[in-house]
>>> print(open('input-v4.pdb').read())   # PDB, C-alpha atoms
ATOM      1  CA  MET A 156     -10.217 -14.683   4.263
ATOM      2  CA  GLU A 157      -8.027 -13.785   7.228
ATOM      3  CA  TYR A 158      -6.794 -10.209   7.718
ATOM      4  CA  ARG A 159      -3.793  -9.460   9.908
ATOM      5  CA  LEU A 160      -0.849  -7.124  10.337
ATOM      6  CA  MET A 161       1.825  -7.522   7.695
ATOM      7  CA  SER A 162       5.098  -9.064   8.828
ATOM      8  CA  MET A 163       8.408  -9.628   7.089
ATOM      9  CA  ASP A 164       7.425 -13.283   6.712
ATOM     10  CA  ASP A 165       4.918 -12.041   4.111
ATOM     11  CA  TYR A 166       7.499 -10.146   2.077
ATOM     12  CA  ASP A 167       8.131 -12.611  -0.768
ATOM     13  CA  GLN A 168       4.437 -13.103  -1.522
ATOM     14  CA  VAL A 169       3.679  -9.391  -1.120
ATOM     15  CA  TYR A 170       6.544  -8.443  -3.421
ATOM     16  CA  GLN A 171       5.231 -10.803  -6.099
ATOM     17  CA  ILE A 172       1.778  -9.220  -5.883
ATOM     18  CA  TRP A 173       3.368  -5.787  -6.265
ATOM     19  CA  LEU A 174       5.316  -6.960  -9.306
ATOM     20  CA  ASP A 175       2.197  -8.437 -10.885
ATOM     21  CA  CYS A 176       0.247  -5.224 -10.251
ATOM     22  CA  LYS A 177       3.018  -3.039 -11.707
ATOM     23  CA  ASN A 178       3.082  -0.667  -8.750
ATOM     24  CA  GLY A 179       6.207   1.220  -9.745
ATOM     25  CA  LEU A 180       8.718  -0.422  -7.439
ATOM     26  CA  ASN A 181      12.326   0.532  -6.925
ATOM     27  CA  ASP A 182      15.329  -1.413  -5.700
ATOM     28  CA  LYS A 183      15.816   0.502  -2.432
ATOM     29  CA  ASP A 184      12.465   1.446  -0.895
ATOM     30  CA  ASP A 185      10.732  -1.782  -1.904
ATOM     31  CA  SER A 186      13.636  -4.104  -1.104
ATOM     32  CA  ARG A 187      13.423  -6.482   1.837
ATOM     33  CA  GLU A 188      15.540  -4.042   3.862
ATOM     34  CA  GLY A 189      13.430  -1.055   2.838
ATOM     35  CA  ILE A 190      10.159  -2.716   3.775
ATOM     36  CA  GLU A 191      11.601  -4.014   7.039
ATOM     37  CA  LYS A 192      12.595  -0.447   7.962
ATOM     38  CA  TYR A 193       9.121   0.799   7.017
ATOM     39  CA  LEU A 194       7.322  -1.849   9.087
ATOM     40  CA  LYS A 195       9.544  -1.143  12.106
ATOM     41  CA  ARG A 196       8.639   2.540  11.867
ATOM     42  CA  ASN A 197       4.934   1.781  11.260
ATOM     43  CA  PRO A 198       4.247  -1.525  13.049
ATOM     44  CA  THR A 199       0.453  -1.255  13.356
ATOM     45  CA  THR A 200      -0.837   0.157  10.069
ATOM     46  CA  SER A 201       0.038  -2.298   7.255
ATOM     47  CA  PHE A 202      -2.098  -5.377   6.631
ATOM     48  CA  VAL A 203      -2.351  -8.492   4.494
ATOM     49  CA  ALA A 204      -5.313 -10.606   3.448
ATOM     50  CA  VAL A 205      -4.513 -14.322   3.537
ATOM     51  CA  GLU A 206      -6.478 -17.273   2.208
ATOM     52  CA  ASP A 207      -5.270 -20.873   2.434
ATOM     53  CA  GLY A 208      -1.791 -19.680   3.395
ATOM     54  CA  ARG A 209      -1.457 -17.386   0.367
ATOM     55  CA  VAL A 210      -1.310 -13.604   0.555
ATOM     56  CA  ALA A 211      -4.236 -12.337  -1.499
ATOM     57  CA  GLY A 212      -3.782  -8.630  -0.894
ATOM     58  CA  VAL A 213      -1.702  -6.064   0.937
ATOM     59  CA  ILE A 214      -1.820  -2.467   2.077
ATOM     60  CA  LEU A 215       1.417  -0.751   3.063
ATOM     61  CA  CYS A 216       0.390   2.227   5.159
ATOM     62  CA  GLY A 217       2.068   4.467   7.690
ATOM     63  CA  HIS A 218       2.331   7.982   9.012
ATOM     64  CA  ASP A 219       4.800  10.636  10.029
ATOM     65  CA  GLY A 220       2.909  11.634  13.189
ATOM     66  CA  ARG A 221       0.839  14.171  11.296
ATOM     67  CA  ARG A 222      -0.446  12.640   8.051
ATOM     68  CA  GLY A 223      -1.094   9.093   7.004
ATOM     69  CA  PHE A 224       0.092   7.789   3.679
ATOM     70  CA  ILE A 225      -0.853   4.696   1.723
ATOM     71  CA  GLN A 226       2.292   3.560  -0.060
ATOM     72  CA  HIS A 227       1.075   0.435  -1.865
ATOM     73  CA  MET A 228      -2.319  -1.240  -1.971
ATOM     74  CA  SER A 229      -2.636  -4.297  -4.171
ATOM     75  CA  VAL A 230      -4.867  -7.333  -4.507
ATOM     76  CA  ALA A 231      -3.812 -10.362  -6.522
ATOM     77  CA  GLU A 232      -5.943 -10.636  -9.650
ATOM     78  CA  ALA A 233      -7.553 -13.940  -8.611
ATOM     79  CA  TYR A 234      -8.987 -12.288  -5.469
ATOM     80  CA  ARG A 235     -10.352  -9.063  -6.938
ATOM     81  CA  GLY A 236     -14.033  -8.262  -6.722
ATOM     82  CA  ARG A 237     -14.408  -9.910  -3.306
ATOM     83  CA  GLY A 238     -14.090  -6.826  -1.093
ATOM     84  CA  VAL A 239     -10.456  -7.513  -0.171
ATOM     85  CA  ALA A 240      -9.219  -4.046  -1.120
ATOM     86  CA  ARG A 241     -12.006  -2.300   0.753
ATOM     87  CA  THR A 242     -11.371  -4.348   3.896
ATOM     88  CA  LEU A 243      -7.617  -3.676   3.756
ATOM     89  CA  VAL A 244      -8.245   0.064   3.398
ATOM     90  CA  ASP A 245     -10.757   0.027   6.271
ATOM     91  CA  LEU A 246      -8.241  -1.749   8.520
ATOM     92  CA  ALA A 247      -5.465   0.714   7.660
ATOM     93  CA  LEU A 248      -7.682   3.762   8.156
ATOM     94  CA  GLU A 249      -8.895   2.467  11.523
ATOM     95  CA  ALA A 250      -5.285   1.831  12.581
ATOM     96  CA  LEU A 251      -4.402   5.420  11.628
ATOM     97  CA  ARG A 252      -7.376   6.753  13.595
ATOM     98  CA  LYS A 253      -6.173   4.823  16.652
ATOM     99  CA  GLU A 254      -2.870   6.691  16.331
ATOM    100  CA  ASP A 255      -4.694  10.061  16.143
ATOM    101  CA  ILE A 256      -3.999  10.597  12.454
ATOM    102  CA  ASN A 257      -6.737  12.728  10.886
ATOM    103  CA  LYS A 258      -5.917  12.696   7.175
ATOM    104  CA  VAL A 259      -4.442  10.197   4.748
ATOM    105  CA  ALA A 260      -3.014  10.637   1.255
ATOM    106  CA  LEU A 261      -1.875   8.413  -1.561
ATOM    107  CA  VAL A 262      -0.437   8.670  -5.039
ATOM    108  CA  ALA A 263      -1.861   6.619  -7.882
ATOM    109  CA  PHE A 264      -0.538   6.445 -11.415
ATOM    110  CA  ASP A 265      -2.750   8.347 -13.850
ATOM    111  CA  HIS A 266      -2.874   5.330 -16.174
ATOM    112  CA  ASN A 267      -4.221   3.096 -13.364
ATOM    113  CA  LYS A 268      -7.875   3.640 -14.282
ATOM    114  CA  GLY A 269      -9.180   0.758 -12.163
ATOM    115  CA  GLY A 270      -7.205   1.837  -9.121
ATOM    116  CA  ASN A 271      -8.273   5.456  -9.462
ATOM    117  CA  ALA A 272     -11.921   4.428  -9.858
ATOM    118  CA  PHE A 273     -11.606   2.350  -6.680
ATOM    119  CA  TRP A 274     -10.095   5.209  -4.663
ATOM    120  CA  GLU A 275     -12.762   7.602  -5.894
ATOM    121  CA  SER A 276     -15.525   5.104  -5.018
ATOM    122  CA  ILE A 277     -14.432   4.971  -1.378
ATOM    123  CA  GLY A 278     -14.166   8.724  -0.903
ATOM    124  CA  PHE A 279     -10.588   9.620  -1.833
ATOM    125  CA  THR A 280     -10.789  12.820  -3.846
ATOM    126  CA  GLU A 281      -8.372  14.022  -6.479
ATOM    127  CA  ARG A 282      -6.314  17.081  -5.621
ATOM    128  CA  THR A 283      -5.876  19.238  -8.704
ATOM    129  CA  ASP A 284      -4.375  22.159  -6.775
ATOM    130  CA  LEU A 285      -1.085  20.364  -6.053
ATOM    131  CA  ILE A 286       1.976  19.491  -8.045
ATOM    132  CA  TYR A 287       3.583  16.283  -6.853
ATOM    133  CA  ARG A 288       7.363  16.522  -6.747
ATOM    134  CA  ASN A 289      10.095  14.199  -5.584
ATOM    135  CA  LYS A 290      13.846  13.940  -5.643
ATOM    136  CA  ALA A 291      15.888  10.778  -5.310
ATOM    137  CA  LEU A 292      18.685  11.138  -2.791
ATOM    138  CA  VAL A 293      20.386   8.025  -4.125
ATOM    139  CA  GLU A 294      20.283   6.325  -7.495
ATOM    140  CA  LEU A 295      17.129   4.224  -7.668
ATOM    141  CA  LYS A 296      16.617   1.400 -10.112
ATOM    142  CA  ILE A 297      12.989   1.195 -11.222
ATOM    143  CA  ILE A 298      11.763  -2.399 -11.245
ATOM    144  CA  LYS A 299       9.417  -3.523 -13.994
ATOM    145  CA  LYS A 300       8.116  -7.005 -14.424
TER     146      LYS A 300
END
>>> encode(input="input-v4.pdb", output="structure tokens")
Amino acid sequence: MEYRLMSMDDYDQVYQIWLDCKNGLNDKDDSREGIEKYLKRNPTTSFVAVEDGRVAGVILCGHDGRRGFIQHMSVAEAYRGRGVARTLVDLALEALRKEDINKVALVAFDHNKGGNAFWESIGFTERTDLIYRNKALVELKIIKK
């Protein structure tokens, strides 16, 4: 397995993994243009795992100069259980440390039991003292497979 920075050349394969994993995509932020903008803003913190020319997993990670945030972390089903997710997270966290980021957050769907178990197993704790809120500034189309 090869691990490297994500590039826009990976987009089509990454997007398919996200669709298959049902990560709650939308037509703006997760579009080719949206991801290109994200990678330009955060060029050193998102990674892919590649085997035999196929993207096996991806972590989309960045920061605002103060806090890191994991946007999407997905591993194609055929590659799960091989340490791909853990390695991707380790790479992203190390990249954030190199940019002097001291804390990282993520949002996981409550119904994603496997994902939540994974995050808990590697030290991400649940915050029960917060209420997550958001507001769309434009109309977003939610993409479901």
>>> residues_around(input="input-v4.pdb", residues="A:Lys192", least_positions_apart="6", cutoff="12 Å", atoms="only C-alpha atoms", output="PyMOL selection string")
chain A and resi 162-163+183-186+198+217
>>> atom_distance(input="input-v4.pdb", atom1="atom CA of A:Asp255", atom2="atom CA of A:Met156")
28.0 Å
>>> residues_around(input="input-v4.pdb", residues="A:Ile277", least_positions_apart="6", cutoff="12 Å", atoms="all atoms listed in the file", output="JSON, numbers by chain")
{"A": [238, 240, 241, 242, 244, 245, 248, 270, 271]}
>>> atom_distance(input="input-v4.pdb", atom1="atom CA of A:Phe224", atom2="atom CA of A:Val293")
21.7 Å
>>> residues_near_point(input="input-v4.pdb", point="(1.2, -1.4, 11.5)", cutoff="8 Å", atoms="only C-alpha atoms", output="list in words")
Leu160, Met161, Leu194, Asn197, Pro198, Thr199, Thr200, Ser201, Phe202, Cys216, Gly217, Ala247 and Ala250 of chain A
>>> write_last_selection(input="input-v4.pdb", atoms="C-alpha atoms", output="compact mmCIF listing (two decimals), in the frame of the given file")
# COMPACT_ATOMS: atom_id res chain seq x y z
CA LEU A 160 -0.85 -7.12 10.34
CA MET A 161 1.82 -7.52 7.70
CA LEU A 194 7.32 -1.85 9.09
CA ASN A 197 4.93 1.78 11.26
CA PRO A 198 4.25 -1.52 13.05
CA THR A 199 0.45 -1.25 13.36
CA THR A 200 -0.84 0.16 10.07
CA SER A 201 0.04 -2.30 7.26
CA PHE A 202 -2.10 -5.38 6.63
CA CYS A 216 0.39 2.23 5.16
CA GLY A 217 2.07 4.47 7.69
CA ALA A 247 -5.46 0.71 7.66
CA ALA A 250 -5.28 1.83 12.58
>>> residues_around(input="input-v4.pdb", residues="stretch 230-234 of chain A", least_positions_apart="5", cutoff="6 Å", atoms="all atoms listed in the file", output="PyMOL selection string")
chain A and resi 172+211-212
>>> residues_near_point(input="input-v4.pdb", point="(15.4, 2.4, -11.1)", cutoff="12 Å", atoms="all atoms listed in the file", output="CSV table (one decimal) with C-alpha atoms, keeping the file's coordinate frame")
chain,number,residue,atom,x,y,z
A,179,GLY,CA,6.2,1.2,-9.7
A,180,LEU,CA,8.7,-0.4,-7.4
A,181,ASN,CA,12.3,0.5,-6.9
A,182,ASP,CA,15.3,-1.4,-5.7
A,183,LYS,CA,15.8,0.5,-2.4
A,184,ASP,CA,12.5,1.4,-0.9
A,185,ASP,CA,10.7,-1.8,-1.9
A,291,ALA,CA,15.9,10.8,-5.3
A,293,VAL,CA,20.4,8.0,-4.1
A,294,GLU,CA,20.3,6.3,-7.5
A,295,LEU,CA,17.1,4.2,-7.7
A,296,LYS,CA,16.6,1.4,-10.1
A,297,ILE,CA,13.0,1.2,-11.2
A,298,ILE,CA,11.8,-2.4,-11.2
A,299,LYS,CA,9.4,-3.5,-14.0
>>> atom_distance(input="input-v4.pdb", atom1="atom CA of A:Leu243", atom2="atom CA of A:Ser229")
9.4 Å
>>> resolve_selection(input="input-v4.pdb", expression="the PyMOL selection byres ((chain A and resi 169) around 9)", output="mmCIF file with C-alpha atoms, keeping the file's coordinate frame")
data_model
loop_
_atom_site.group_PDB
_atom_site.id
_atom_site.type_symbol
_atom_site.label_atom_id
_atom_site.label_comp_id
_atom_site.auth_asym_id
_atom_site.auth_seq_id
_atom_site.Cartn_x
_atom_site.Cartn_y
_atom_site.Cartn_z
ATOM 1 C CA ASP A 165 4.918 -12.041 4.111
ATOM 2 C CA TYR A 166 7.499 -10.146 2.077
ATOM 3 C CA ASP A 167 8.131 -12.611 -0.768
ATOM 4 C CA GLN A 168 4.437 -13.103 -1.522
ATOM 5 C CA TYR A 170 6.544 -8.443 -3.421
ATOM 6 C CA GLN A 171 5.231 -10.803 -6.099
ATOM 7 C CA ILE A 172 1.778 -9.220 -5.883
ATOM 8 C CA TRP A 173 3.368 -5.787 -6.265
ATOM 9 C CA LEU A 174 5.316 -6.960 -9.306
ATOM 10 C CA VAL A 203 -2.351 -8.492 4.494
ATOM 11 C CA VAL A 210 -1.310 -13.604 0.555
ATOM 12 C CA ALA A 211 -4.236 -12.337 -1.499
ATOM 13 C CA GLY A 212 -3.782 -8.630 -0.894
ATOM 14 C CA VAL A 213 -1.702 -6.064 0.937
ATOM 15 C CA SER A 229 -2.636 -4.297 -4.171
#
>>> closest_residue(input="input-v4.pdb", among="A:Thr280, A:Glu249, A:Arg237, A:Ala260", to="A:Gly223", atoms="all atoms listed in the file")
A:Ala260
>>> residues_around(input="input-v4.pdb", residues="A:Arg221", least_positions_apart="6", cutoff="10 Å", atoms="all atoms listed in the file", output="PyMOL selection string")
chain A and resi 254-259
>>> closest_residue(input="input-v4.pdb", among="A:Arg196, A:Gly220, A:Ala204, A:Arg288", to="A:Arg252", atoms="all atoms listed in the file")
A:Gly220
>>> build_atoms(input="input-v4.pdb", residues="stretch 196-215 of chain A", atoms="N, CA and C atoms", output="PDB file, keeping the file's coordinate frame")
ATOM      1  N   ARG A 196       9.077   1.175  11.582  1.00  0.00           N
ATOM      2  CA  ARG A 196       8.639   2.540  11.867  1.00  0.00           C
ATOM      3  C   ARG A 196       7.123   2.621  12.014  1.00  0.00           C
ATOM      4  N   ASN A 197       6.404   1.779  11.280  1.00  0.00           N
ATOM      5  CA  ASN A 197       4.934   1.781  11.260  1.00  0.00           C
ATOM      6  C   ASN A 197       4.421   0.359  11.539  1.00  0.00           C
ATOM      7  N   PRO A 198       4.541  -0.115  12.776  1.00  0.00           N
ATOM      8  CA  PRO A 198       4.247  -1.525  13.049  1.00  0.00           C
ATOM      9  C   PRO A 198       2.772  -1.907  13.109  1.00  0.00           C
ATOM     10  N   THR A 199       1.864  -0.929  13.127  1.00  0.00           N
ATOM     11  CA  THR A 199       0.453  -1.255  13.356  1.00  0.00           C
ATOM     12  C   THR A 199      -0.487  -0.835  12.231  1.00  0.00           C
ATOM     13  N   THR A 200       0.040  -0.443  11.082  1.00  0.00           N
ATOM     14  CA  THR A 200      -0.837   0.157  10.069  1.00  0.00           C
ATOM     15  C   THR A 200      -0.799  -0.515   8.698  1.00  0.00           C
ATOM     16  N   SER A 201      -0.032  -1.582   8.533  1.00  0.00           N
ATOM     17  CA  SER A 201       0.038  -2.298   7.255  1.00  0.00           C
ATOM     18  C   SER A 201      -0.546  -3.695   7.452  1.00  0.00           C
ATOM     19  N   PHE A 202      -1.346  -4.133   6.482  1.00  0.00           N
ATOM     20  CA  PHE A 202      -2.098  -5.377   6.631  1.00  0.00           C
ATOM     21  C   PHE A 202      -2.003  -6.246   5.383  1.00  0.00           C
ATOM     22  N   VAL A 203      -2.224  -7.546   5.596  1.00  0.00           N
ATOM     23  CA  VAL A 203      -2.351  -8.492   4.494  1.00  0.00           C
ATOM     24  C   VAL A 203      -3.670  -9.242   4.638  1.00  0.00           C
ATOM     25  N   ALA A 204      -4.178  -9.687   3.507  1.00  0.00           N
ATOM     26  CA  ALA A 204      -5.313 -10.606   3.448  1.00  0.00           C
ATOM     27  C   ALA A 204      -4.735 -11.954   3.046  1.00  0.00           C
ATOM     28  N   VAL A 205      -5.086 -12.997   3.775  1.00  0.00           N
ATOM     29  CA  VAL A 205      -4.513 -14.322   3.537  1.00  0.00           C
ATOM     30  C   VAL A 205      -5.638 -15.340   3.408  1.00  0.00           C
ATOM     31  N   GLU A 206      -5.527 -16.177   2.388  1.00  0.00           N
ATOM     32  CA  GLU A 206      -6.478 -17.273   2.208  1.00  0.00           C
ATOM     33  C   GLU A 206      -5.698 -18.538   1.884  1.00  0.00           C
ATOM     34  N   ASP A 207      -5.952 -19.586   2.627  1.00  0.00           N
ATOM     35  CA  ASP A 207      -5.270 -20.873   2.434  1.00  0.00           C
ATOM     36  C   ASP A 207      -3.752 -20.717   2.408  1.00  0.00           C
ATOM     37  N   GLY A 208      -3.230 -19.869   3.286  1.00  0.00           N
ATOM     38  CA  GLY A 208      -1.791 -19.680   3.395  1.00  0.00           C
ATOM     39  C   GLY A 208      -1.170 -18.795   2.334  1.00  0.00           C
ATOM     40  N   ARG A 209      -1.960 -18.256   1.428  1.00  0.00           N
ATOM     41  CA  ARG A 209      -1.457 -17.386   0.367  1.00  0.00           C
ATOM     42  C   ARG A 209      -1.885 -15.952   0.622  1.00  0.00           C
ATOM     43  N   VAL A 210      -0.965 -15.021   0.448  1.00  0.00           N
ATOM     44  CA  VAL A 210      -1.310 -13.604   0.555  1.00  0.00           C
ATOM     45  C   VAL A 210      -2.121 -13.223  -0.674  1.00  0.00           C
ATOM     46  N   ALA A 211      -3.330 -12.730  -0.426  1.00  0.00           N
ATOM     47  CA  ALA A 211      -4.236 -12.337  -1.499  1.00  0.00           C
ATOM     48  C   ALA A 211      -4.201 -10.835  -1.765  1.00  0.00           C
ATOM     49  N   GLY A 212      -3.824 -10.068  -0.753  1.00  0.00           N
ATOM     50  CA  GLY A 212      -3.782  -8.630  -0.894  1.00  0.00           C
ATOM     51  C   GLY A 212      -2.968  -8.001   0.209  1.00  0.00           C
ATOM     52  N   VAL A 213      -2.569  -6.754  -0.009  1.00  0.00           N
ATOM     53  CA  VAL A 213      -1.702  -6.064   0.937  1.00  0.00           C
ATOM     54  C   VAL A 213      -1.955  -4.561   0.870  1.00  0.00           C
ATOM     55  N   ILE A 214      -1.852  -3.927   2.031  1.00  0.00           N
ATOM     56  CA  ILE A 214      -1.820  -2.467   2.077  1.00  0.00           C
ATOM     57  C   ILE A 214      -0.628  -2.072   2.938  1.00  0.00           C
ATOM     58  N   LEU A 215       0.253  -1.285   2.358  1.00  0.00           N
ATOM     59  CA  LEU A 215       1.417  -0.751   3.063  1.00  0.00           C
ATOM     60  C   LEU A 215       1.061   0.689   3.413  1.00  0.00           C
TER      61      LEU A 215
END
